[in-house]
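In what follows, a structure is listed as structure tokens, so that the remarks can point back to it.
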Amino acid sequence: MPEPLRVRFPPSPTGHLHVGGARTALFNWLFARHHHGTYVLRIEDTDLSRSTEEYTQSLLEALRWLGLDWDEGPPTPGYRQTERFDVYRTHALRLLAEGKAYRCRCTPETLEALRKTAEARKETFRYPGTCRGANVPASEPHALRLAIPREGETVVHDVVRGDVAFSHAELDDWILVRTDGTPTYNFCVVVDDVTMRITHVIRGNDHLSNTPKQVLCYEALGYPLPAFAHIPMILAADKTRLSKRHGATSVLAFRDMGILPEAMVNYLARLGWSHGDQEIFTRQELVEHFDLAHVGSADAVFDLEKFKWVNHQWIMRLPAERLARELAPFLDRAGLPAPRDLAWLGRVVETLRERARTLVEMAEQAVFYLKAPAAYDPQATAKFWKDHAPERYALLIKRLEAQETMDPGALEGLYRFLAADLGLKLVDLAQLTRIALTGKAASPPIFEVVSILGKPETLARLRTAAAAVGAPR
RNA sequence: GACCCCGUCGUCUAGCCUGGCCAAGGACGCGACCCUUUCAAGGUCGAGAUCGCGGGUUCGAAUCCCGCCGGGGUCACCA
């Protein structure tokens with residue numbers, strides 16, 4: 001029986017979706033899909049000065065690219081906080097009417113002075129509750145504060161961390177609504193989660209300390225609490241919070257790096273969650289196995305090397321046709337001539353997939369398929385362009401001209417026969433051909449290359465090389 | 001600084017709840033060898049963690065308890 005479970009991902013459109021946010025989105029999505037629940041996307045755009053429509057679109061694009069589809073959210077109206085001010089107002093007014101919140105006329109300047117004094121005394125500043133019993137008239141400029149219990153403690157029952165207790169002495173009467181009438185983040189989150197009937201709040205561990213404040217707000221409002229699950233954070237190699245200075249951190253940047261969405265999802269899922277020794281998961285497997293019980297509690301370092309390995313695994317697994325479609329834009333971006341057609345590009349991909357960890361690498365390795373070498377690698381020519389090279393090229397050209405079938409097996413037969421005939425090793429002929437066709441000493445299996453390039457192109461490149469090696473160098 | 005969280009190979013992690021199967025398993029990366037037309041891929045082997053440290057409980061602790069240290073997070077009329 002499907003449970004009426006509802007989770008949400010609430011990004012702030014103040015930047016592109018970064019890996020930490022993506023992982024939070026993923027865990028929520030996996031949890032929802034695993035339990036056949038509802039996944040809600042909410043845009044937290046109350047910070048008007050930093051939120052932009054461009055970032056909102058970028059966020060949606062990243063989520064779509066990852067395949068994290070949402071059941072509720074934009075473009076349906078009502079899922080942006082800026083559209084919900086009435087809801088916050090209603091709740092704030094109710095709290096005020098019930099005496100659970102009060103007007104505060106303390107100015108930011110006054111508060112700042114108190115904060116400085118506390119700091120000077122090496123104490124932690126907390127709002128002393130000056131206006132709590134003052135009954136500040138509504139006509140005066142005022143903020144709205146939540147009246148929290150002075151005594152006792154609030155225990156957060158966290159699904160991944162267990163019970164975490166916070167003494168009320170550590171908390172204060174925090175602001176629900178600013179003097180300018182805008183609601184604060186913590187208040188919005190509570191009202192949104194309540195009105196959107198969220199049952200499980202899965203978010204980064206950096207929110208754990210804010211949770212008791214929110215719990216107190218739920219209680220003041222008289223609403224049942226959702227289950228909280230604070231997941232470990234993703235750190236950079238230096239164990240500090242991942243940020244721009246650590247290089248690519250935005251999901252879209254990884255896409256542009258030639259990372260496949262399958263790999264991104266796979267790698268992110270394994271950061272902080274595990275299923276025995278399994279490393280590679282399809283989306284279906286993730287949905288099937290994901291559970292909060294196996295979410296770890298220690299923060300994880302983002303390791304680009306392992307990430308690329310996961311990507312490589314996916315490059316090796318995906319159908320060539322799909323890879324060809326993914327690769328095409330990268331070829332285009334590199335300014336290369338268009339491939340003959342998608343099927344042909346699929347053959348190219350087959351020869352490259354075990355050699356490339358990213359699509360960018362694959363595009364680099366695909367260059368010679370689309371363009372004759374403009375130059376030959378000096379190290380390669382130094383090693384293989386010996387005195388006998390011209391005659392061997394001539395021989396190769398002659399034999400290939402007479403060759404009918406261009407399938408790799410037949411070509412290998414031809415080369416092996418010729419090598420034996422000349423008393424040479426296969427490698428001697430193979431490397432000469434490789435240099436002529438690719439310009440380098442390393443490439444995919446050369447008979448595959450010849451076959452894909454086709455007879456006319458192969459012969460043309462062989463002749464060019466023969467001319468180059470014959471010419472005085 | 002106060003409060004809170006976290007601490008197993010360089011990194012991601014299994015194991016911890018329900019002590020013994022762990023002289024700690026897998027993966028990335030690294031080294032060697034094998035395979036081989038090159039490069040990869042693949043295969044085999046190897047180096048790499050006295051389970052942050054110190055006490056305790058116990059016949060027995062990575063696993064339970066206490067203290068300490070280290071790292072991170074939160075302390076806004078930011079989100």
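Naming works like this for the structure tokens: A, B, ... for the chains as they're shown, residue 1 at the start of each chain, ligands 1 onward in shown order.
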### Task
Give as an NGL selection string every residue of chain B that touches chain A within 9 Å, counting only C-alpha atoms (C1' of nucleotides).
:B and (1-7 or 11-14 or 25-29 or 37-41 or 71-75 or 77-79)
DSSP on the backbone, alpha helix (DSSP H) only: what residues of region 199-334 of chain A does that give? Format it as an mmCIF file with N, CA, C and O atoms, in the first residue's frame.
data_model
loop_
_atom_site.group_PDB
_atom_site.id
_atom_site.type_symbol
_atom_site.label_atom_id
_atom_site.label_comp_id
_atom_site.auth_asym_id
_atom_site.auth_seq_id
_atom_site.Cartn_x
_atom_site.Cartn_y
_atom_site.Cartn_z
ATOM 1 N N THR A 211 17.139 23.400 13.056
ATOM 2 C CA THR A 211 15.955 22.572 13.214
ATOM 3 C C THR A 211 15.178 22.815 14.512
ATOM 4 O O THR A 211 13.944 22.903 14.469
ATOM 5 N N PRO A 212 15.842 22.942 15.672
ATOM 6 C CA PRO A 212 15.052 23.176 16.889
ATOM 7 C C PRO A 212 14.201 24.447 16.809
ATOM 8 O O PRO A 212 13.067 24.465 17.295
ATOM 9 N N LYS A 213 14.742 25.485 16.170
ATOM 10 C CA LYS A 213 13.958 26.716 16.009
ATOM 11 C C LYS A 213 12.702 26.424 15.213
ATOM 12 O O LYS A 213 11.605 26.902 15.526
ATOM 13 N N GLN A 214 12.878 25.652 14.154
ATOM 14 C CA GLN A 214 11.737 25.325 13.303
ATOM 15 C C GLN A 214 10.740 24.428 14.036
ATOM 16 O O GLN A 214 9.522 24.593 13.911
ATOM 17 N N VAL A 215 11.272 23.491 14.818
ATOM 18 C CA VAL A 215 10.400 22.593 15.581
ATOM 19 C C VAL A 215 9.504 23.399 16.514
ATOM 20 O O VAL A 215 8.299 23.150 16.621
ATOM 21 N N LEU A 216 10.110 24.386 17.171
ATOM 22 C CA LEU A 216 9.349 25.236 18.086
ATOM 23 C C LEU A 216 8.256 25.985 17.333
ATOM 24 O O LEU A 216 7.167 26.237 17.865
ATOM 25 N N CYS A 217 8.533 26.334 16.104
ATOM 26 C CA CYS A 217 7.554 27.044 15.297
ATOM 27 C C CYS A 217 6.399 26.121 14.893
ATOM 28 O O CYS A 217 5.238 26.521 14.919
ATOM 29 N N TYR A 218 6.728 24.901 14.538
ATOM 30 C CA TYR A 218 5.682 23.907 14.239
ATOM 31 C C TYR A 218 4.758 23.784 15.444
ATOM 32 O O TYR A 218 3.534 23.759 15.317
ATOM 33 N N GLU A 219 5.392 23.671 16.615
ATOM 34 C CA GLU A 219 4.619 23.468 17.841
ATOM 35 C C GLU A 219 3.732 24.671 18.146
ATOM 36 O O GLU A 219 2.578 24.518 18.545
ATOM 37 N N ALA A 220 4.275 25.870 17.938
ATOM 38 C CA ALA A 220 3.489 27.078 18.179
ATOM 39 C C ALA A 220 2.286 27.115 17.237
ATOM 40 O O ALA A 220 1.192 27.533 17.608
ATOM 41 N N LEU A 221 2.518 26.649 16.036
ATOM 42 C CA LEU A 221 1.465 26.622 15.033
ATOM 43 C C LEU A 221 0.476 25.477 15.269
ATOM 44 O O LEU A 221 -0.619 25.463 14.712
ATOM 45 N N VAL A 251 26.431 21.576 -11.478
ATOM 46 C CA VAL A 251 26.005 20.396 -12.218
ATOM 47 C C VAL A 251 26.128 20.605 -13.726
ATOM 48 O O VAL A 251 26.610 19.747 -14.459
ATOM 49 N N LEU A 252 25.726 21.777 -14.178
ATOM 50 C CA LEU A 252 25.787 22.072 -15.603
ATOM 51 C C LEU A 252 27.233 22.137 -16.103
ATOM 52 O O LEU A 252 27.517 21.813 -17.260
ATOM 53 N N ALA A 253 28.136 22.543 -15.215
ATOM 54 C CA ALA A 253 29.550 22.578 -15.604
ATOM 55 C C ALA A 253 30.060 21.158 -15.841
ATOM 56 O O ALA A 253 30.868 20.919 -16.738
ATOM 57 N N PHE A 254 29.571 20.232 -15.043
ATOM 58 C CA PHE A 254 29.982 18.841 -15.245
ATOM 59 C C PHE A 254 29.403 18.299 -16.551
ATOM 60 O O PHE A 254 30.039 17.513 -17.241
ATOM 61 N N ARG A 255 28.189 18.704 -16.850
ATOM 62 C CA ARG A 255 27.594 18.294 -18.119
ATOM 63 C C ARG A 255 28.486 18.777 -19.264
ATOM 64 O O ARG A 255 28.784 18.034 -20.190
ATOM 65 N N ASP A 256 28.939 20.031 -19.164
ATOM 66 C CA ASP A 256 29.772 20.592 -20.215
ATOM 67 C C ASP A 256 31.161 19.967 -20.252
ATOM 68 O O ASP A 256 31.894 20.092 -21.218
ATOM 69 N N PRO A 261 24.603 12.149 -17.385
ATOM 70 C CA PRO A 261 23.704 12.277 -16.236
ATOM 71 C C PRO A 261 23.633 10.992 -15.398
ATOM 72 O O PRO A 261 23.556 11.063 -14.170
ATOM 73 N N GLU A 262 23.702 9.851 -16.059
ATOM 74 C CA GLU A 262 23.710 8.580 -15.328
ATOM 75 C C GLU A 262 24.873 8.520 -14.341
ATOM 76 O O GLU A 262 24.738 8.030 -13.223
ATOM 77 N N ALA A 263 26.035 9.019 -14.805
ATOM 78 C CA ALA A 263 27.233 8.981 -13.972
ATOM 79 C C ALA A 263 27.131 9.974 -12.818
ATOM 80 O O ALA A 263 27.526 9.689 -11.688
ATOM 81 N N MET A 264 26.584 11.142 -13.119
ATOM 82 C CA MET A 264 26.435 12.168 -12.095
ATOM 83 C C MET A 264 25.532 11.634 -10.981
ATOM 84 O O MET A 264 25.868 11.731 -9.792
ATOM 85 N N VAL A 265 24.414 11.074 -11.353
ATOM 86 C CA VAL A 265 23.467 10.519 -10.390
ATOM 87 C C VAL A 265 24.110 9.369 -9.620
ATOM 88 O O VAL A 265 24.031 9.297 -8.399
ATOM 89 N N ASN A 266 24.788 8.497 -10.335
ATOM 90 C CA ASN A 266 25.450 7.346 -9.731
ATOM 91 C C ASN A 266 26.494 7.780 -8.698
ATOM 92 O O ASN A 266 26.510 7.318 -7.554
ATOM 93 N N TYR A 267 27.357 8.705 -9.114
ATOM 94 C CA TYR A 267 28.430 9.132 -8.209
ATOM 95 C C TYR A 267 27.886 9.850 -6.976
ATOM 96 O O TYR A 267 28.299 9.585 -5.842
ATOM 97 N N LEU A 268 26.945 10.750 -7.223
ATOM 98 C CA LEU A 268 26.361 11.515 -6.117
ATOM 99 C C LEU A 268 25.639 10.591 -5.123
ATOM 100 O O LEU A 268 25.686 10.799 -3.916
ATOM 101 N N ALA A 269 24.989 9.576 -5.658
ATOM 102 C CA ALA A 269 24.265 8.649 -4.784
ATOM 103 C C ALA A 269 25.227 7.916 -3.854
ATOM 104 O O ALA A 269 24.923 7.680 -2.681
ATOM 105 N N ARG A 283 19.586 3.980 -12.580
ATOM 106 C CA ARG A 283 18.585 4.777 -11.886
ATOM 107 C C ARG A 283 17.546 3.852 -11.210
ATOM 108 O O ARG A 283 17.134 4.090 -10.080
ATOM 109 N N GLN A 284 17.156 2.816 -11.915
ATOM 110 C CA GLN A 284 16.162 1.878 -11.378
ATOM 111 C C GLN A 284 16.688 1.190 -10.128
ATOM 112 O O GLN A 284 15.960 1.017 -9.154
ATOM 113 N N GLU A 285 17.958 0.773 -10.172
ATOM 114 C CA GLU A 285 18.541 0.106 -9.009
ATOM 115 C C GLU A 285 18.590 1.053 -7.816
ATOM 116 O O GLU A 285 18.358 0.652 -6.676
ATOM 117 N N LEU A 286 18.909 2.305 -8.090
ATOM 118 C CA LEU A 286 18.976 3.305 -7.037
ATOM 119 C C LEU A 286 17.600 3.454 -6.384
ATOM 120 O O LEU A 286 17.466 3.453 -5.159
ATOM 121 N N VAL A 287 16.597 3.585 -7.202
ATOM 122 C CA VAL A 287 15.236 3.748 -6.694
ATOM 123 C C VAL A 287 14.846 2.520 -5.870
ATOM 124 O O VAL A 287 14.258 2.628 -4.796
ATOM 125 N N GLU A 288 15.233 1.374 -6.376
ATOM 126 C CA GLU A 288 14.879 0.123 -5.704
ATOM 127 C C GLU A 288 15.563 -0.018 -4.343
ATOM 128 O O GLU A 288 14.947 -0.437 -3.371
ATOM 129 N N HIS A 289 16.851 0.352 -4.280
ATOM 130 C CA HIS A 289 17.621 0.096 -3.058
ATOM 131 C C HIS A 289 17.726 1.255 -2.087
ATOM 132 O O HIS A 289 18.097 1.058 -0.936
ATOM 133 N N LEU A 304 37.164 13.890 -7.878
ATOM 134 C CA LEU A 304 36.970 13.965 -9.316
ATOM 135 C C LEU A 304 37.489 12.721 -10.045
ATOM 136 O O LEU A 304 36.920 12.287 -11.043
ATOM 137 N N GLU A 305 38.577 12.147 -9.537
ATOM 138 C CA GLU A 305 39.143 10.962 -10.177
ATOM 139 C C GLU A 305 38.159 9.794 -10.168
ATOM 140 O O GLU A 305 37.953 9.116 -11.162
ATOM 141 N N LYS A 306 37.577 9.566 -9.015
ATOM 142 C CA LYS A 306 36.624 8.464 -8.937
ATOM 143 C C LYS A 306 35.361 8.787 -9.739
ATOM 144 O O LYS A 306 34.771 7.914 -10.360
ATOM 145 N N PHE A 307 34.996 10.030 -9.731
ATOM 146 C CA PHE A 307 33.837 10.471 -10.490
ATOM 147 C C PHE A 307 34.044 10.162 -11.983
ATOM 148 O O PHE A 307 33.174 9.634 -12.668
ATOM 149 N N LYS A 308 35.236 10.469 -12.467
ATOM 150 C CA LYS A 308 35.536 10.200 -13.873
ATOM 151 C C LYS A 308 35.539 8.700 -14.153
ATOM 152 O O LYS A 308 35.170 8.267 -15.242
ATOM 153 N N TRP A 309 35.954 7.939 -13.182
ATOM 154 C CA TRP A 309 35.929 6.484 -13.357
ATOM 155 C C TRP A 309 34.480 6.005 -13.491
ATOM 156 O O TRP A 309 34.162 5.182 -14.350
ATOM 157 N N VAL A 310 33.613 6.545 -12.656
ATOM 158 C CA VAL A 310 32.189 6.182 -12.738
ATOM 159 C C VAL A 310 31.643 6.591 -14.103
ATOM 160 O O VAL A 310 30.918 5.843 -14.759
ATOM 161 N N ASN A 311 32.032 7.777 -14.550
ATOM 162 C CA ASN A 311 31.576 8.244 -15.854
ATOM 163 C C ASN A 311 32.055 7.298 -16.961
ATOM 164 O O ASN A 311 31.319 6.957 -17.869
ATOM 165 N N HIS A 312 33.305 6.871 -16.816
ATOM 166 C CA HIS A 312 33.873 5.937 -17.780
ATOM 167 C C HIS A 312 33.065 4.637 -17.810
ATOM 168 O O HIS A 312 32.807 4.069 -18.867
ATOM 169 N N GLN A 313 32.684 4.180 -16.637
ATOM 170 C CA GLN A 313 31.881 2.958 -16.558
ATOM 171 C C GLN A 313 30.590 3.121 -17.349
ATOM 172 O O GLN A 313 30.131 2.203 -18.011
ATOM 173 N N TRP A 314 30.019 4.313 -17.270
ATOM 174 C CA TRP A 314 28.776 4.556 -17.995
ATOM 175 C C TRP A 314 29.004 4.722 -19.486
ATOM 176 O O TRP A 314 28.187 4.320 -20.300
ATOM 177 N N ILE A 315 30.152 5.299 -19.829
ATOM 178 C CA ILE A 315 30.496 5.417 -21.244
ATOM 179 C C ILE A 315 30.649 4.012 -21.833
ATOM 180 O O ILE A 315 30.293 3.757 -22.975
ATOM 181 N N MET A 316 31.142 3.099 -21.033
ATOM 182 C CA MET A 316 31.330 1.737 -21.526
ATOM 183 C C MET A 316 30.015 0.956 -21.587
ATOM 184 O O MET A 316 29.909 -0.023 -22.298
ATOM 185 N N ARG A 317 29.055 1.367 -20.812
ATOM 186 C CA ARG A 317 27.803 0.619 -20.752
ATOM 187 C C ARG A 317 26.684 1.087 -21.679
ATOM 188 O O ARG A 317 25.876 0.285 -22.128
ATOM 189 N N ALA A 320 25.772 2.518 -28.066
ATOM 190 C CA ALA A 320 26.582 3.392 -28.921
ATOM 191 C C ALA A 320 25.737 4.500 -29.531
ATOM 192 O O ALA A 320 26.193 5.638 -29.682
ATOM 193 N N GLU A 321 24.528 4.178 -29.840
ATOM 194 C CA GLU A 321 23.652 5.151 -30.488
ATOM 195 C C GLU A 321 23.398 6.350 -29.565
ATOM 196 O O GLU A 321 23.466 7.502 -29.967
ATOM 197 N N ARG A 322 23.136 6.043 -28.311
ATOM 198 C CA ARG A 322 22.913 7.097 -27.319
ATOM 199 C C ARG A 322 24.178 7.937 -27.133
ATOM 200 O O ARG A 322 24.128 9.167 -27.096
ATOM 201 N N LEU A 323 25.302 7.265 -27.022
ATOM 202 C CA LEU A 323 26.586 7.950 -26.850
ATOM 203 C C LEU A 323 26.889 8.853 -28.045
ATOM 204 O O LEU A 323 27.397 9.961 -27.885
ATOM 205 N N ALA A 324 26.573 8.363 -29.232
ATOM 206 C CA ALA A 324 26.813 9.154 -30.438
ATOM 207 C C ALA A 324 26.019 10.455 -30.372
ATOM 208 O O ALA A 324 26.532 11.524 -30.694
ATOM 209 N N ARG A 325 24.791 10.344 -29.912
ATOM 210 C CA ARG A 325 23.969 11.546 -29.804
ATOM 211 C C ARG A 325 24.524 12.510 -28.761
ATOM 212 O O ARG A 325 24.488 13.720 -28.929
ATOM 213 N N GLU A 326 25.043 11.943 -27.663
ATOM 214 C CA GLU A 326 25.625 12.772 -26.608
ATOM 215 C C GLU A 326 26.930 13.425 -27.076
ATOM 216 O O GLU A 326 27.245 14.541 -26.688
ATOM 217 N N LEU A 327 27.662 12.679 -27.870
ATOM 218 C CA LEU A 327 28.984 13.146 -28.313
ATOM 219 C C LEU A 327 28.909 14.250 -29.365
ATOM 220 O O LEU A 327 29.733 15.164 -29.377
ATOM 221 N N ALA A 328 27.915 14.159 -30.232
ATOM 222 C CA ALA A 328 27.801 15.087 -31.363
ATOM 223 C C ALA A 328 27.994 16.564 -30.990
ATOM 224 O O ALA A 328 28.777 17.260 -31.651
ATOM 225 N N PRO A 329 27.330 17.072 -29.966
ATOM 226 C CA PRO A 329 27.510 18.493 -29.623
ATOM 227 C C PRO A 329 28.950 18.840 -29.248
ATOM 228 O O PRO A 329 29.413 19.947 -29.510
ATOM 229 N N PHE A 330 29.648 17.890 -28.644
ATOM 230 C CA PHE A 330 31.030 18.144 -28.253
ATOM 231 C C PHE A 330 31.940 18.232 -29.475
ATOM 232 O O PHE A 330 32.899 18.997 -29.501
ATOM 233 N N LEU A 331 31.619 17.434 -30.482
ATOM 234 C CA LEU A 331 32.367 17.465 -31.739
ATOM 235 C C LEU A 331 32.152 18.821 -32.403
ATOM 236 O O LEU A 331 33.078 19.477 -32.858
ATOM 237 N N ASP A 332 30.904 19.204 -32.395
ATOM 238 C CA ASP A 332 30.512 20.457 -33.006
ATOM 239 C C ASP A 332 31.202 21.628 -32.323
ATOM 240 O O ASP A 332 31.753 22.515 -32.962
ATOM 241 N N ARG A 333 31.175 21.569 -30.999
ATOM 242 C CA ARG A 333 31.785 22.632 -30.208
ATOM 243 C C ARG A 333 33.279 22.727 -30.473
ATOM 244 O O ARG A 333 33.873 23.799 -30.381
#
### Query
Near region 86-97 of chain A, counting only C-alpha atoms (C1' of nucleotides), which residues have an atom at most 7 Å away, once you skip same-chain residues fewer than 2 positions from it, shown as number ranges by chain?
A: 84, 99-102, 183, 188, 191, 221
### Task
Step one, run DSSP on the backbone; step two, keep only residues of region 99-181 of chain A assigned to strand (DSSP E); then write them as a PyMOL selection string.
chain A and resi 101-104+143-146+153-158+162-167+175-177
### Message
Set the distance at 10 Å and use only C-alpha atoms (C1' of nucleotides): which residues neighbour region 54-67 of chain B once local chain neighbours fewer than 5 positions away are removed? I'd like the list as a PyMOL selection string.
### Response
chain B and resi 8+15-17+19-20+22+24
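Relative to CA of Ala293 (chain A), CA of Ile280 (chain A) is found at 19.4 Å.
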### Task
Mind giving me the straight-line distance from CA of Pro128 (chain A) to CA of Thr154 (chain A) in Å, one decimal?
19.0 Å
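Nearest residue to Asp193 (chain A), choosing from A:Pro390, A:Gly413, A:Pro10, A:Gly247 and counting only C-alpha atoms: A:Pro10.
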#### Entry: Length of the CA of Pro226 (chain A) to CA of Val7 (chain A) vector [Å]
9.6 Å
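Using only C-alpha atoms for every distance, the candidate list A:Leu225, A:Gly346, A:Thr249, A:Lys116 yields A:Thr249 as the residue closest to Gly15 (chain A).
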### Residues within 6 Å of region 63-78 of chain A, only C-alpha atoms (C1' of nucleotides), excluding chain neighbours under 4 positions, as a ChimeraX atom specification
/A:39-42,83,261
Written selection (all heavy atoms) as a short mmCIF file (atom, residue, chain, number, x, y, z; two decimals), in the first residue's frame:
data_model
loop_
_atom_site.label_atom_id
_atom_site.label_comp_id
_atom_site.auth_asym_id
_atom_site.auth_seq_id
_atom_site.Cartn_x
_atom_site.Cartn_y
_atom_site.Cartn_z
N TYR A 39 7.12 14.10 -4.97
CA TYR A 39 8.32 14.92 -4.93
C TYR A 39 7.95 16.35 -5.33
O TYR A 39 7.48 16.59 -6.44
CB TYR A 39 9.34 14.33 -5.90
CG TYR A 39 10.67 15.03 -5.94
CD1 TYR A 39 11.44 15.21 -4.80
CD2 TYR A 39 11.21 15.47 -7.15
CE1 TYR A 39 12.68 15.81 -4.85
CE2 TYR A 39 12.45 16.07 -7.23
CZ TYR A 39 13.18 16.24 -6.07
OH TYR A 39 14.42 16.84 -6.13
N VAL A 40 8.14 17.25 -4.40
CA VAL A 40 7.74 18.64 -4.61
C VAL A 40 8.96 19.53 -4.82
O VAL A 40 9.94 19.44 -4.08
CB VAL A 40 6.95 19.17 -3.38
CG1 VAL A 40 6.54 20.62 -3.59
CG2 VAL A 40 5.74 18.29 -3.11
N LEU A 41 8.90 20.37 -5.83
CA LEU A 41 9.97 21.34 -6.06
C LEU A 41 9.46 22.72 -5.69
O LEU A 41 8.41 23.15 -6.16
CB LEU A 41 10.40 21.32 -7.53
CG LEU A 41 11.49 22.33 -7.91
CD1 LEU A 41 12.78 22.06 -7.16
CD2 LEU A 41 11.72 22.31 -9.42
N ARG A 42 10.19 23.37 -4.80
CA ARG A 42 9.77 24.69 -4.33
C ARG A 42 10.92 25.66 -4.52
O ARG A 42 12.06 25.34 -4.18
CB ARG A 42 9.39 24.58 -2.84
CG ARG A 42 9.02 25.88 -2.21
CD ARG A 42 8.46 25.65 -0.82
NE ARG A 42 9.49 25.44 0.18
CZ ARG A 42 9.42 24.51 1.13
NH1 ARG A 42 8.40 23.69 1.22
NH2 ARG A 42 10.39 24.40 2.01
N GLU A 83 5.34 33.98 -4.34
CA GLU A 83 3.91 33.91 -4.65
C GLU A 83 3.09 33.55 -3.41
O GLU A 83 1.88 33.40 -3.49
CB GLU A 83 3.65 32.83 -5.72
CG GLU A 83 4.35 33.07 -7.03
CD GLU A 83 4.24 31.87 -7.96
OE1 GLU A 83 4.43 30.73 -7.51
OE2 GLU A 83 3.95 32.08 -9.15
N PRO A 261 24.60 12.15 -17.39
CA PRO A 261 23.70 12.28 -16.24
C PRO A 261 23.63 10.99 -15.40
O PRO A 261 23.56 11.06 -14.17
CB PRO A 261 22.34 12.60 -16.86
CG PRO A 261 22.48 12.31 -18.32
CD PRO A 261 23.92 12.44 -18.65
#
### Shell of 9 Å around region 452-454 of chain A, only C-alpha atoms (C1' of nucleotides), local chain residues under 3 positions omitted, as an NGL selection string
:A and (344 or 347-348 or 369-370 or 406-407 or 437 or 447-449 or 457-459)
Take the residues from that selection and write them out as a short mmCIF file (atom, residue, chain, number, x, y, z; two decimals), in the first residue's frame, keeping N, CA and C atoms.
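Output saved as result00.cif:
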data_model
loop_
_atom_site.label_atom_id
_atom_site.label_comp_id
_atom_site.auth_asym_id
_atom_site.auth_seq_id
_atom_site.Cartn_x
_atom_site.Cartn_y
_atom_site.Cartn_z
N TRP A 344 27.35 5.94 -38.35
CA TRP A 344 28.81 5.94 -38.52
C TRP A 344 29.49 6.43 -37.24
N ARG A 347 29.83 3.80 -34.74
CA ARG A 347 30.99 2.92 -34.92
C ARG A 347 32.24 3.57 -34.33
N VAL A 348 32.35 4.87 -34.54
CA VAL A 348 33.48 5.62 -33.98
C VAL A 348 33.46 5.49 -32.45
N TYR A 369 39.19 10.93 -36.92
CA TYR A 369 38.16 10.29 -37.73
C TYR A 369 37.51 11.31 -38.67
N LEU A 370 37.49 12.56 -38.21
CA LEU A 370 36.78 13.59 -38.95
C LEU A 370 37.69 14.46 -39.78
N MET A 406 36.47 -4.29 -46.66
CA MET A 406 37.15 -3.44 -45.68
C MET A 406 36.74 -3.77 -44.25
N ASP A 407 36.34 -5.00 -44.01
CA ASP A 407 36.01 -5.31 -42.61
C ASP A 407 37.30 -5.61 -41.86
N LEU A 437 47.28 7.41 -40.59
CA LEU A 437 45.85 7.67 -40.45
C LEU A 437 45.50 8.59 -39.30
N PHE A 447 42.79 -1.72 -37.50
CA PHE A 447 41.95 -2.27 -38.58
C PHE A 447 40.52 -1.76 -38.46
N GLU A 448 40.13 -1.49 -37.24
CA GLU A 448 38.82 -0.86 -37.01
C GLU A 448 38.85 0.53 -37.63
N VAL A 449 39.94 1.22 -37.37
CA VAL A 449 40.08 2.59 -37.88
C VAL A 449 40.02 2.61 -39.40
N GLU A 457 39.52 7.23 -48.13
CA GLU A 457 40.15 8.09 -47.13
C GLU A 457 41.44 7.46 -46.62
N THR A 458 41.41 6.16 -46.40
CA THR A 458 42.60 5.47 -45.92
C THR A 458 43.75 5.61 -46.93
N LEU A 459 43.44 5.36 -48.18
CA LEU A 459 44.47 5.46 -49.21
C LEU A 459 45.00 6.89 -49.34
#
